[in-house]
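Engineer: One structure, as structure tokens, below. Some questions next.
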Amino acid sequence: MKPASTNEEFAEVIAASWARCQAFGLTHATEPECGPLDRPQRALLREQHQALLETTECEVLPYYENILANSRSLIMLSDAQGRLLSHWGDRRFVEPGREALFQEGTSWQEQINGTNAIGTAIACGQAVQVRRNEHFLTANRFMVGCAAPILDVKQQLVGVLNVSSDAYLPQAHTLGMVKLMSISVENRLMARTYGADCYLLTLNTNPDNLDSQWSGLIAFDAAGEAVAVNRRASQLLGTHKLHQPVTALFDTELDTLLDHAETGAFQLSTNARRRLYGSLKKPVFADASVAAKQERPLKPGETRILHFNQIEFGDLKVQRCIRQALRVADKNIPLLIHGETGVGKEVFVKALHASSERRDHPLVAVNCAAIPSELVESELFGYEKGAFTGASSQGAKGLIRKAHCGVLFLDEIGEMPPRAQARLLRVLQEREVTPLGSTEAYPVDIRLVSATNQPLREQVEAGHFRQDLYYRINGLSIELPPLRARVDKRALFRQVHTLYREPNQPGELQDAILDIFEQHPWPGNIRQLINVMQVALALADREPVETWHLPDDFLRDIQSTNAARLERPMPQTESTSTDRPTRRTNPLETLLDVYNQHQGNVSRTARHFGFSRNTVYKRLRELGVR
């Protein structure tokens with residue numbers, strides 16, 4: 001039997017599909033199979049296709065939600081095997097009793113559910129429209145479906161986008177929209193995959209259309225080798241061939257092309273003499289260490305997003321923290337960071353966010369200790385207008401909803417009030433937020449990172465922190481080492497100096513200053529280092545940083561540390577004379593003070609103590625100053 005159809009464009013496709021269904025042993029009376037997965041299986045399925053899901057939901061659908069806002073339509077996303085990953089929109093057109101067909105994990109392959117938009121698009125490898133009576137199973141003839149495959153840069157199927165409706169939308173319009181959406185997902189996935197390390201060259205025939213989803217996209221590395229192209233770029237260039245120099249595609253030198261990076265539209269000529277227009281975007285991580293030196297210095301109180309290669313210089317503990325964090329960054333595993341005050345927990349989280357697949361979405365940082373306990377709930381969860389006295393007349397969205405599709409960073413989470421802990425636990429369990437004064441729940445997609453400088457387990461045992469919340473946020477626990485324990489301190493000192501110095505200040509710290517820094521106990525960790533460096537650079541102006549540019553209390557900490565070290569009793573050995581007097585005072589206690597008072601003048605320092613200049617030099621070397 002052949003389908004009776006006026007859908008001439010897809011008549012052959014539908015007929016071939018019906019033939020396959022008959023070969024599978026299906027009949028028109030066959031009941032559709034739902035086969036939804038249980039919760040752990042659904043979670044695993046979503047995790048396996050996380051990039052596809054997030055790209056579709058967070059980067060593509062927002063541009064199309066208004067188109068379907070007034071229609072009874074459902075947008076569906078499946079994987080390459082036809083398993084439903086998620087859906088968005090209006091399910092009112094679905095016939096009663098058929099709701100299970102739209103649950104996550106249900107397979108829409110033809111051998112299970114007959115001719116349908118998703119399954120037939122997978123089978124024929126092209127966009128397709130399936131009208132009501134063209135569905136092979138009679139039970140599925142309550143809907144019309146339009147679907148388009150999503151391909152990766154190797155033209156391999158990774159998923160299918162589908163719009164199913166009750167046929168009140170003009171179907172030509174719907175099919176075109178689905179095609180455009182699938183191309184949008186392909187382009188976003190490509191940019192997400194290659195944008196961190198490669199240049200992204202956008203191409204089109206007109207400079208005004210470079211922001212269109214119909215534009216071509218080429219990713220090439222720093223050496224100029226093309227590593228990925230989208231379908232449109234292949235059409236414009238007449239080739240699918242990868243791993244060739246980008247200069248083999250265009251009549252231009254690589255240096256000339258790179259000079260256009262992020263300068264706007266420019267003209268290109270292919271080697272086939274076709275005129276195109278392009279725009280070039282630099283890699284996210286392009287030579288971050290060089291970029292850091294070229295950027296303007298930071299002002300007091302200002303922060304800059306650093307990448308991991310700018311905060312780690314060989315310390316094995318820090319390397320392990322970074323390696324572990326990166327492995328869970330794009331998985332649904334909460335991260336709990338421990339560390340003393342000032343070790344750089346927020347800087348670490350910002351670097352992690354910049355390295356993750358969510359880098360194009362918000363990182364919302366919340367210091368739970370800085371918000372008055374009475375306001376924590378309203379700040380985190382939002383509120384409806386009139387929810388409480390003093391509430392904004394417009395209401396508030398709340399920080400958790402602002403982090404949708406991004407990362408929520410809860411710093412000092414041990415300070416969160418008990419009532420807010422209970423609400424947060426519910427959000428993490430249900431993945432939805434109900435604002436204060438509202439009965440409506442809003443779905444949220446967040447990655448949670450928490451941090452604390454307190455022994456959170458002890459707080460749990462003491463009853464100050466919810467045990468169930470502790471295990472919910474403690475997916476992977478990592479501990480950042482204090483500055484004094486790091487073996488890469490010297491390189492870290494140089495990096496902070498580079499970040500905060502003015503362009504007209506000397507580019508390197510003197511070894512004598514680095515020696516002094518290494519002696520310091522750094523109780524305030526990296527935050528203290530930044531403060532000391534900013535003071536020293538301000539006092540030094542355009543001169544090299546010297547000892548007398550360092551804060552007095554910083555130098556006193558070194559003197560106290562050295563004095564304590566000298567007063568520590570030496571272990572007795574057989575050769576040690578027991579009646580030798582023990583040295584209990586440090587004759588150098590005030591040497592640095594006097595040396596700084598005389599602004600590093602050795603002669604004046606020597607006269608003050610009645611020492612020879614050589615003695616002062618010797619004592620200063622013992623202190624690591626010269």
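Residue numbering restarts at 1 in every chain; chains get A, B, ... in the order shown in the structure tokens, and ligands count up from 1 in that same order.
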Identify, on the basis of only C-alpha atoms, every residue whose closest approach to Phe465 (chain A) does not exceed 12 Å; exclude the query and any residue fewer than 6 positions from it along the same chain; express the result as a PyMOL selection string.
Structural biologist: chain A and resi 413-422+425+454-459+471+473
Engineer: Just checking: using only C-alpha atoms, which residue out of A:Gly314, A:Gly344, A:Pro544, A:Pro207 ends up closest to Leu509 (chain A)?
Structural biologist: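 Counting only C-alpha atoms, the residue closest to Leu509 (chain A) is A:Pro544.
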Engineer: To test your reading of the structure, identify every residue in region 473-533 of chain A that backbone DSSP assigns to alpha helix (DSSP H), and report it as a PyMOL selection string.
Structural biologist: chain A and resi 473+489-500+511-519+525-533
Engineer: Print the selection's residues with C-alpha atoms to a file, as a short mmCIF file (atom, residue, chain, number, x, y, z; two decimals), in the first residue's frame.
Structural biologist:
data_model
loop_
_atom_site.label_atom_id
_atom_site.label_comp_id
_atom_site.auth_asym_id
_atom_site.auth_seq_id
_atom_site.Cartn_x
_atom_site.Cartn_y
_atom_site.Cartn_z
CA ILE A 473 26.85 20.12 46.92
CA LYS A 489 55.54 30.88 44.63
CA ARG A 490 58.36 32.64 42.79
CA ALA A 491 56.62 32.40 39.42
CA LEU A 492 53.35 33.45 41.06
CA PHE A 493 55.03 36.55 42.51
CA ARG A 494 56.23 37.49 39.02
CA GLN A 495 52.76 36.92 37.55
CA VAL A 496 51.04 39.19 40.08
CA HIS A 497 53.69 41.86 39.46
CA THR A 498 53.04 41.59 35.70
CA LEU A 499 49.29 41.91 36.14
CA TYR A 500 49.36 44.97 38.37
CA ASP A 511 65.78 38.60 42.86
CA ALA A 512 66.29 40.25 46.27
CA ILE A 513 62.57 41.14 46.45
CA LEU A 514 61.61 37.64 45.36
CA ASP A 515 63.83 36.24 48.13
CA ILE A 516 62.04 38.41 50.70
CA PHE A 517 58.64 37.34 49.39
CA GLU A 518 59.64 33.68 49.73
CA GLN A 519 60.47 34.21 53.42
CA ASN A 525 47.48 34.23 50.93
CA ILE A 526 47.17 35.57 47.38
CA ARG A 527 44.80 38.35 48.44
CA GLN A 528 47.53 39.65 50.75
CA LEU A 529 50.12 39.27 47.98
CA ILE A 530 48.04 41.44 45.66
CA ASN A 531 47.65 44.13 48.31
CA VAL A 532 51.39 44.16 49.07
CA MET A 533 52.22 44.29 45.36
#
Engineer: DSSP on the backbone: what in region 174-368 of chain A comes out strand (DSSP E), as a PyMOL selection string?
Structural biologist: chain A and resi 199-204+216-220+226-229+266-269+275-281+335-338+363-367
Engineer: Given the selection you just returned, output its residues as a file containing N, CA and C atoms, formatted as a CSV table (one decimal), in the first residue's frame.
Structural biologist:
chain,number,residue,atom,x,y,z
A,199,TYR,N,41.0,30.0,15.5
A,199,TYR,CA,40.4,31.2,14.9
A,199,TYR,C,39.1,30.8,14.2
A,200,LEU,N,38.1,31.6,14.3
A,200,LEU,CA,36.8,31.3,13.6
A,200,LEU,C,36.6,32.3,12.5
A,201,LEU,N,36.6,31.9,11.3
A,201,LEU,CA,36.4,32.8,10.1
A,201,LEU,C,34.9,32.6,9.6
A,202,THR,N,34.1,33.7,9.7
A,202,THR,CA,32.8,33.7,9.2
A,202,THR,C,32.8,34.2,7.8
A,203,LEU,N,32.0,33.6,6.9
A,203,LEU,CA,32.0,33.9,5.5
A,203,LEU,C,30.6,34.1,5.0
A,204,ASN,N,30.4,35.1,4.0
A,204,ASN,CA,29.2,35.2,3.3
A,204,ASN,C,29.4,36.0,2.0
A,216,GLY,N,28.9,30.9,6.2
A,216,GLY,CA,29.9,29.9,6.3
A,216,GLY,C,30.8,30.1,7.5
A,217,LEU,N,31.4,29.0,8.0
A,217,LEU,CA,32.2,29.1,9.2
A,217,LEU,C,33.4,28.1,9.0
A,218,ILE,N,34.6,28.7,9.2
A,218,ILE,CA,35.8,27.9,9.1
A,218,ILE,C,36.6,28.1,10.4
A,219,ALA,N,37.1,27.0,11.0
A,219,ALA,CA,38.0,27.0,12.2
A,219,ALA,C,39.3,26.6,11.7
A,220,PHE,N,40.3,27.5,12.0
A,220,PHE,CA,41.7,27.1,11.7
A,220,PHE,C,42.6,27.4,12.9
A,226,ALA,N,43.2,24.6,8.4
A,226,ALA,CA,41.7,24.5,8.6
A,226,ALA,C,41.4,23.1,9.2
A,227,VAL,N,40.7,23.2,10.3
A,227,VAL,CA,40.4,21.9,11.1
A,227,VAL,C,38.9,21.6,11.0
A,228,ALA,N,38.1,22.6,10.6
A,228,ALA,CA,36.6,22.3,10.6
A,228,ALA,C,36.0,23.4,9.7
A,229,VAL,N,35.0,22.9,8.9
A,229,VAL,CA,34.2,23.9,8.1
A,229,VAL,C,32.7,23.4,8.3
A,266,PHE,N,35.6,42.3,6.3
A,266,PHE,CA,36.7,42.6,5.3
A,266,PHE,C,36.4,41.7,4.1
A,267,GLN,N,37.0,42.1,3.0
A,267,GLN,CA,36.8,41.4,1.7
A,267,GLN,C,37.9,40.3,1.5
A,268,LEU,N,37.4,39.2,1.0
A,268,LEU,CA,38.3,38.0,0.7
A,268,LEU,C,38.0,37.6,-0.8
A,269,SER,N,39.1,37.0,-1.4
A,269,SER,CA,38.9,36.4,-2.7
A,269,SER,C,39.4,35.0,-2.6
A,275,ARG,N,34.5,36.4,-5.0
A,275,ARG,CA,34.6,37.4,-4.0
A,275,ARG,C,33.6,37.1,-2.8
A,276,LEU,N,34.2,37.1,-1.6
A,276,LEU,CA,33.4,36.9,-0.4
A,276,LEU,C,33.8,37.9,0.6
A,277,TYR,N,33.0,37.9,1.7
A,277,TYR,CA,33.3,38.8,2.8
A,277,TYR,C,33.4,38.0,4.1
A,278,GLY,N,34.2,38.5,5.0
A,278,GLY,CA,34.5,37.7,6.2
A,278,GLY,C,34.7,38.5,7.4
A,279,SER,N,34.6,37.8,8.6
A,279,SER,CA,35.0,38.4,9.9
A,279,SER,C,35.7,37.4,10.6
A,280,LEU,N,36.7,37.8,11.4
A,280,LEU,CA,37.5,36.8,12.1
A,280,LEU,C,37.5,37.0,13.6
A,281,LYS,N,37.3,35.9,14.4
A,281,LYS,CA,37.3,36.0,15.8
A,281,LYS,C,38.5,35.2,16.3
A,335,LEU,N,30.6,21.0,42.5
A,335,LEU,CA,32.0,21.1,42.9
A,335,LEU,C,32.1,21.9,44.2
A,336,LEU,N,32.8,21.4,45.2
A,336,LEU,CA,33.0,22.1,46.5
A,336,LEU,C,34.4,22.4,46.7
A,337,ILE,N,34.8,23.6,46.8
A,337,ILE,CA,36.2,24.1,46.9
A,337,ILE,C,36.4,24.5,48.3
A,338,HIS,N,37.5,23.9,48.9
A,338,HIS,CA,37.9,24.3,50.3
A,338,HIS,C,39.2,25.1,50.1
A,363,LEU,N,28.3,33.6,34.7
A,363,LEU,CA,28.8,33.1,35.9
A,363,LEU,C,28.3,34.0,37.0
A,364,VAL,N,27.4,33.6,37.8
A,364,VAL,CA,26.8,34.4,38.9
A,364,VAL,C,27.5,34.0,40.2
A,365,ALA,N,28.3,34.9,40.8
A,365,ALA,CA,29.0,34.7,42.0
A,365,ALA,C,28.2,35.3,43.2
A,366,VAL,N,28.0,34.5,44.2
A,366,VAL,CA,27.2,35.0,45.4
A,366,VAL,C,28.1,34.7,46.7
A,367,ASN,N,28.4,35.8,47.4
A,367,ASN,CA,29.1,35.6,48.7
A,367,ASN,C,28.0,35.5,49.7
Engineer: With a distance cut-off of 9 Å and only C-alpha atoms, select the neighbouring residues of Ile333 (chain A), excluding the residue or stretch itself and same-chain residues fewer than 2 positions from it, and output the selection as a PDB file with all heavy atoms, in the first residue's frame.
Structural biologist:
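See around_3.pdb below for the written result:
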ATOM      1  N   VAL A 328      35.197  17.482  35.583  1.00  0.00           N
ATOM      2  CA  VAL A 328      33.769  17.501  35.954  1.00  0.00           C
ATOM      3  C   VAL A 328      33.083  18.791  35.526  1.00  0.00           C
ATOM      4  O   VAL A 328      31.888  18.945  35.738  1.00  0.00           O
ATOM      5  CB  VAL A 328      33.587  17.302  37.483  1.00  0.00           C
ATOM      6  CG1 VAL A 328      34.254  16.028  37.941  1.00  0.00           C
ATOM      7  CG2 VAL A 328      34.138  18.495  38.265  1.00  0.00           C
ATOM      8  N   ALA A 329      33.838  19.711  34.914  1.00  0.00           N
ATOM      9  CA  ALA A 329      33.283  21.033  34.601  1.00  0.00           C
ATOM     10  C   ALA A 329      32.049  20.946  33.724  1.00  0.00           C
ATOM     11  O   ALA A 329      31.109  21.732  33.873  1.00  0.00           O
ATOM     12  CB  ALA A 329      34.348  21.905  33.927  1.00  0.00           C
ATOM     13  N   ASP A 330      32.028  20.002  32.795  1.00  0.00           N
ATOM     14  CA  ASP A 330      30.925  19.913  31.856  1.00  0.00           C
ATOM     15  C   ASP A 330      30.021  18.708  32.130  1.00  0.00           C
ATOM     16  O   ASP A 330      29.299  18.241  31.256  1.00  0.00           O
ATOM     17  CB  ASP A 330      31.466  19.843  30.421  1.00  0.00           C
ATOM     18  CG  ASP A 330      32.234  21.107  30.060  1.00  0.00           C
ATOM     19  OD1 ASP A 330      31.759  22.196  30.407  1.00  0.00           O
ATOM     20  OD2 ASP A 330      33.310  21.000  29.445  1.00  0.00           O
ATOM     21  N   LYS A 331      30.098  18.220  33.356  1.00  0.00           N
ATOM     22  CA  LYS A 331      29.204  17.146  33.787  1.00  0.00           C
ATOM     23  C   LYS A 331      28.327  17.668  34.921  1.00  0.00           C
ATOM     24  O   LYS A 331      28.653  18.656  35.565  1.00  0.00           O
ATOM     25  CB  LYS A 331      30.010  15.925  34.252  1.00  0.00           C
ATOM     26  CG  LYS A 331      30.793  15.239  33.138  1.00  0.00           C
ATOM     27  CD  LYS A 331      31.561  14.055  33.662  1.00  0.00           C
ATOM     28  CE  LYS A 331      32.125  13.218  32.509  1.00  0.00           C
ATOM     29  NZ  LYS A 331      33.018  13.996  31.633  1.00  0.00           N
ATOM     30  N   LEU A 335      30.642  20.953  42.487  1.00  0.00           N
ATOM     31  CA  LEU A 335      32.027  21.082  42.925  1.00  0.00           C
ATOM     32  C   LEU A 335      32.066  21.887  44.220  1.00  0.00           C
ATOM     33  O   LEU A 335      31.438  22.940  44.322  1.00  0.00           O
ATOM     34  CB  LEU A 335      32.836  21.794  41.838  1.00  0.00           C
ATOM     35  CG  LEU A 335      34.327  21.987  42.066  1.00  0.00           C
ATOM     36  CD1 LEU A 335      35.040  20.651  42.145  1.00  0.00           C
ATOM     37  CD2 LEU A 335      34.920  22.827  40.941  1.00  0.00           C
ATOM     38  N   ARG A 447      25.116  24.849  36.628  1.00  0.00           N
ATOM     39  CA  ARG A 447      26.200  24.072  37.217  1.00  0.00           C
ATOM     40  C   ARG A 447      26.524  24.747  38.549  1.00  0.00           C
ATOM     41  O   ARG A 447      26.722  25.965  38.601  1.00  0.00           O
ATOM     42  CB  ARG A 447      27.437  24.077  36.320  1.00  0.00           C
ATOM     43  CG  ARG A 447      27.299  23.213  35.102  1.00  0.00           C
ATOM     44  CD  ARG A 447      27.360  21.739  35.449  1.00  0.00           C
ATOM     45  NE  ARG A 447      27.126  20.922  34.272  1.00  0.00           N
ATOM     46  CZ  ARG A 447      25.940  20.548  33.842  1.00  0.00           C
ATOM     47  NH1 ARG A 447      24.858  20.924  34.511  1.00  0.00           N
ATOM     48  NH2 ARG A 447      25.802  19.811  32.773  1.00  0.00           N
ATOM     49  N   LEU A 448      26.590  23.975  39.612  1.00  0.00           N
ATOM     50  CA  LEU A 448      26.796  24.534  40.939  1.00  0.00           C
ATOM     51  C   LEU A 448      28.243  24.341  41.381  1.00  0.00           C
ATOM     52  O   LEU A 448      28.779  23.234  41.337  1.00  0.00           O
ATOM     53  CB  LEU A 448      25.863  23.866  41.953  1.00  0.00           C
ATOM     54  CG  LEU A 448      26.015  24.366  43.400  1.00  0.00           C
ATOM     55  CD1 LEU A 448      25.561  25.821  43.506  1.00  0.00           C
ATOM     56  CD2 LEU A 448      25.232  23.492  44.361  1.00  0.00           C
ATOM     57  N   ILE A 473      25.889  19.190  47.525  1.00  0.00           N
ATOM     58  CA  ILE A 473      26.846  20.124  46.918  1.00  0.00           C
ATOM     59  C   ILE A 473      28.247  19.546  46.834  1.00  0.00           C
ATOM     60  O   ILE A 473      29.108  20.085  46.136  1.00  0.00           O
ATOM     61  CB  ILE A 473      26.904  21.452  47.716  1.00  0.00           C
ATOM     62  CG1 ILE A 473      27.484  21.219  49.115  1.00  0.00           C
ATOM     63  CG2 ILE A 473      25.528  22.096  47.788  1.00  0.00           C
ATOM     64  CD1 ILE A 473      27.698  22.488  49.911  1.00  0.00           C
ATOM     65  N   ASN A 474      28.474  18.425  47.555  1.00  0.00           N
ATOM     66  CA  ASN A 474      29.826  17.872  47.651  1.00  0.00           C
ATOM     67  C   ASN A 474      30.000  16.708  46.674  1.00  0.00           C
ATOM     68  O   ASN A 474      30.297  15.589  47.064  1.00  0.00           O
ATOM     69  CB  ASN A 474      30.102  17.414  49.091  1.00  0.00           C
ATOM     70  CG  ASN A 474      31.560  17.057  49.305  1.00  0.00           C
ATOM     71  OD1 ASN A 474      32.431  17.523  48.569  1.00  0.00           O
ATOM     72  ND2 ASN A 474      31.824  16.240  50.295  1.00  0.00           N
ATOM     73  N   GLY A 475      29.821  17.010  45.362  1.00  0.00           N
ATOM     74  CA  GLY A 475      30.041  15.975  44.367  1.00  0.00           C
ATOM     75  C   GLY A 475      31.516  15.648  44.244  1.00  0.00           C
ATOM     76  O   GLY A 475      31.951  14.510  44.381  1.00  0.00           O
ATOM     77  N   LEU A 476      32.317  16.672  43.979  1.00  0.00           N
ATOM     78  CA  LEU A 476      33.779  16.558  43.984  1.00  0.00           C
ATOM     79  C   LEU A 476      34.307  17.634  44.904  1.00  0.00           C
ATOM     80  O   LEU A 476      33.968  18.811  44.763  1.00  0.00           O
ATOM     81  CB  LEU A 476      34.362  16.738  42.580  1.00  0.00           C
ATOM     82  CG  LEU A 476      35.891  16.858  42.521  1.00  0.00           C
ATOM     83  CD1 LEU A 476      36.551  15.549  42.946  1.00  0.00           C
ATOM     84  CD2 LEU A 476      36.368  17.263  41.135  1.00  0.00           C
TER      85      LEU A 476
END
Engineer: Can you work out the spacing between CA of Pro523 (chain A) and CA of Gln324 (chain A) in Å, to one decimal?
Structural biologist: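 Separation of CA of Pro523 (chain A) and CA of Gln324 (chain A): 26.1 Å.
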Engineer: For region 429-435 of chain A, work out the shell of residues within 7 Å, counting only C-alpha atoms and skipping chain neighbours fewer than 6 positions away, then give it as a compact mmCIF listing (two decimals) with C-alpha atoms, in the first residue's frame.
Structural biologist:
# COMPACT_ATOMS: atom_id res chain seq x y z
CA PHE A 381 15.38 32.84 44.72
CA GLY A 382 13.77 36.12 43.67
CA TYR A 383 10.33 37.35 44.67
CA GLU A 384 7.02 38.49 43.24
CA ALA A 441 8.06 27.27 39.47
CA TYR A 442 10.66 28.23 36.90
CA PRO A 443 13.00 25.55 35.49
CA VAL A 444 16.71 26.29 35.85
CA ASP A 445 19.76 24.68 34.26
